[in-house]
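Read the structure below first, then the notes.
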Amino acid sequence: MVGVSAIGGTMLCLHRQKASPVPPAEPVVEAAPSQTTEETPPVKAVVTQPKPPQASATAADSSQTLPVSSSLAEVKPDSSTNAAAPTAFSQAVYILVSPKASFQQKQAAWKQLRDAGELDQAVTALKQGAANNPASAEYPTALGEAYIYKLQTVRDYNETAILGIQADQSFDAAIKLDPSNWEAQFFKAASLSHWPAEMNKGPEVIQRLTTLIDQQEALPAQPQFAQSYILLGDQYQKAGNSDYAKAVWQAGAALYPADSALRQRIAKSTGRR
């Protein structure tokens with residue numbers, strides 16, 4: 001999950017306190033407090049397919065480019081890079097904060113920055129962009145994702161723990177600015193889903209994802225929305241609710257039949273019964 005799993009292990013190093021484990025049955029979901037394991041969980045339908053941060057093969061062409069905005073002068077890399085880098089770097093960062101860019105384009109931009117070794121520059125640029133655009137939720141959202149990508153490049157537990165906390169705080173800042181921001185909500189839930197079991201984040205993750213799926217119904221279908229079903233089902237499975245997990249994956253697969261991850265989960269859950 002793009003390094004979000006690294007958050008879990010390192011958080012345990014910073015937070016040794018014990019918390020109640022995720023209950024093995026019927027996690028608290030606001031939309032359906034009286035359900036049993038035989039009932040279908042409160043998942044509504046209207047969405048589409050991919051896997052963060054990987055772009056779906058059926059998604060829009062991620063090679064499509066967007067014009068570099070003159071308002072993003074602050075995102076240019078330092079002068080030590082070669083002459084071709086500023087245009088590529090500025091283009092990538094612009095895509096990350098552009099409301100017109102697709103989820104798939106943004107993931108392609110992250111891959112470009114990671115492969116070019118420019119994640120630190122991206123963090124600096126996004127911090128400056130957030131300071132210059134305090135009302136924009138796009139900057140803290142992208143900054144949170146930048147911290148998650150950096151988690152994959154470090155080995156020191158203290159540093160990865162700090163990056164994990166910074167990512168979580170960035171997503172909170174984005175959600176405060178724009179509660180309907182899908183990326184910030186999804187990555188916030190994805191990050192929490194990998195925290196240690198002792199911290200008992202499972203019920204919160206389930207609630208966040210259930211709310212996010214409800215929100216998706218009011219939006220035009222987009223490929224990345226399938227990820228909410230995948231992660232929610234995974235969380236139910238982790239909590240010991242296999243029936244709920246399977247029902248969630250089936251609901252997602254009914255909307256996104258081409259999604260291989262959903263198909264694999266359903267096949268695996270069916271094979272166990």
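Naming scheme: A, B, ... for chains in displayed order of the structure tokens; residues 1 onward per chain; ligands 1 onward as shown.
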
Quiz prompt | helix (DSSP H, G or I) residues, from DSSP on the backbone, in region 61-255 of chain A, as a PyMOL selection string | solution = chain A and resi 70-75+85-97+103-115+119-132+138-151+157-177+182-192+197-199+202-216+223-238+242-255

Self-check item: Leu113 (chain A) surroundings by only C-alpha atoms, 10 Å radius, close-in-sequence under 2 positions cut, as a VMD selection string
Solution: chain A and resid 88 to 89 92 to 93 107 to 111 115 to 122 146 149

Limited to N, CA and C atoms, could you put the picked residues into a file as a PDB file, in the first residue's frame?
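The result, stored in part-v5.pdb:
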ATOM      1  N   ALA A  88      10.439  19.156 -16.128  1.00  0.00           N
ATOM      2  CA  ALA A  88       9.862  17.878 -15.731  1.00  0.00           C
ATOM      3  C   ALA A  88       9.394  17.921 -14.282  1.00  0.00           C
ATOM      4  N   PHE A  89      10.186  18.515 -13.419  1.00  0.00           N
ATOM      5  CA  PHE A  89       9.838  18.589 -12.001  1.00  0.00           C
ATOM      6  C   PHE A  89       8.604  19.461 -11.786  1.00  0.00           C
ATOM      7  N   ALA A  92       5.512  17.736 -12.951  1.00  0.00           N
ATOM      8  CA  ALA A  92       5.067  16.679 -12.043  1.00  0.00           C
ATOM      9  C   ALA A  92       4.362  17.263 -10.823  1.00  0.00           C
ATOM     10  N   VAL A  93       4.937  18.294 -10.219  1.00  0.00           N
ATOM     11  CA  VAL A  93       4.336  18.873  -9.022  1.00  0.00           C
ATOM     12  C   VAL A  93       3.019  19.559  -9.359  1.00  0.00           C
ATOM     13  N   GLN A 107      -0.420   9.435  -9.795  1.00  0.00           N
ATOM     14  CA  GLN A 107       0.448   8.326  -9.418  1.00  0.00           C
ATOM     15  C   GLN A 107       1.634   8.192 -10.373  1.00  0.00           C
ATOM     16  N   ALA A 108       1.407   8.501 -11.641  1.00  0.00           N
ATOM     17  CA  ALA A 108       2.512   8.494 -12.608  1.00  0.00           C
ATOM     18  C   ALA A 108       3.512   9.603 -12.264  1.00  0.00           C
ATOM     19  N   ALA A 109       3.002  10.748 -11.812  1.00  0.00           N
ATOM     20  CA  ALA A 109       3.885  11.857 -11.421  1.00  0.00           C
ATOM     21  C   ALA A 109       4.710  11.472 -10.197  1.00  0.00           C
ATOM     22  N   TRP A 110       4.077  10.784  -9.236  1.00  0.00           N
ATOM     23  CA  TRP A 110       4.834  10.333  -8.064  1.00  0.00           C
ATOM     24  C   TRP A 110       5.938   9.362  -8.465  1.00  0.00           C
ATOM     25  N   LYS A 111       5.639   8.468  -9.383  1.00  0.00           N
ATOM     26  CA  LYS A 111       6.655   7.517  -9.842  1.00  0.00           C
ATOM     27  C   LYS A 111       7.815   8.252 -10.494  1.00  0.00           C
ATOM     28  N   ASP A 115      11.541   8.008  -9.002  1.00  0.00           N
ATOM     29  CA  ASP A 115      12.614   7.452  -9.825  1.00  0.00           C
ATOM     30  C   ASP A 115      13.729   8.465 -10.074  1.00  0.00           C
ATOM     31  N   ALA A 116      13.369   9.749 -10.100  1.00  0.00           N
ATOM     32  CA  ALA A 116      14.363  10.799 -10.322  1.00  0.00           C
ATOM     33  C   ALA A 116      15.056  11.222  -9.033  1.00  0.00           C
ATOM     34  N   GLY A 117      14.661  10.630  -7.900  1.00  0.00           N
ATOM     35  CA  GLY A 117      15.264  10.990  -6.620  1.00  0.00           C
ATOM     36  C   GLY A 117      14.913  12.399  -6.183  1.00  0.00           C
ATOM     37  N   GLU A 118      13.714  12.857  -6.524  1.00  0.00           N
ATOM     38  CA  GLU A 118      13.311  14.240  -6.240  1.00  0.00           C
ATOM     39  C   GLU A 118      12.211  14.351  -5.187  1.00  0.00           C
ATOM     40  N   LEU A 119      12.071  13.345  -4.330  1.00  0.00           N
ATOM     41  CA  LEU A 119      11.029  13.402  -3.306  1.00  0.00           C
ATOM     42  C   LEU A 119      11.288  14.513  -2.290  1.00  0.00           C
ATOM     43  N   ASP A 120      12.551  14.703  -1.916  1.00  0.00           N
ATOM     44  CA  ASP A 120      12.862  15.773  -0.965  1.00  0.00           C
ATOM     45  C   ASP A 120      12.518  17.135  -1.560  1.00  0.00           C
ATOM     46  N   GLN A 121      12.846  17.326  -2.841  1.00  0.00           N
ATOM     47  CA  GLN A 121      12.508  18.573  -3.511  1.00  0.00           C
ATOM     48  C   GLN A 121      10.993  18.761  -3.564  1.00  0.00           C
ATOM     49  N   ALA A 122      10.278  17.656  -3.786  1.00  0.00           N
ATOM     50  CA  ALA A 122       8.820  17.731  -3.844  1.00  0.00           C
ATOM     51  C   ALA A 122       8.248  18.143  -2.497  1.00  0.00           C
ATOM     52  N   ALA A 146       3.530  12.594  -0.233  1.00  0.00           N
ATOM     53  CA  ALA A 146       4.987  12.689  -0.376  1.00  0.00           C
ATOM     54  C   ALA A 146       5.685  12.053   0.823  1.00  0.00           C
ATOM     55  N   TYR A 149       5.554   8.309   0.440  1.00  0.00           N
ATOM     56  CA  TYR A 149       6.548   7.819  -0.514  1.00  0.00           C
ATOM     57  C   TYR A 149       7.951   7.845   0.097  1.00  0.00           C
TER      58      TYR A 149
END

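Minimum distance to Gly164 (chain A) across A:Pro196, A:Gly144, A:Gly202, A:Gly271 (counting only C-alpha atoms) occurs at A:Gly144.
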
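Pairwise distance (CA of Glu183 (chain A), CA of Ala267 (chain A)) equals 28.1 Å.
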
Quiz item: With only C-alpha atoms as the basis for distance, which of A:Asp234, A:Asp243, A:Asp156, A:Asp172 is at the shortest distance from Ala261 (chain A)?
Solution: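 Once distances to Ala261 (chain A) are computed over only C-alpha atoms, the minimum belongs to A:Asp234.
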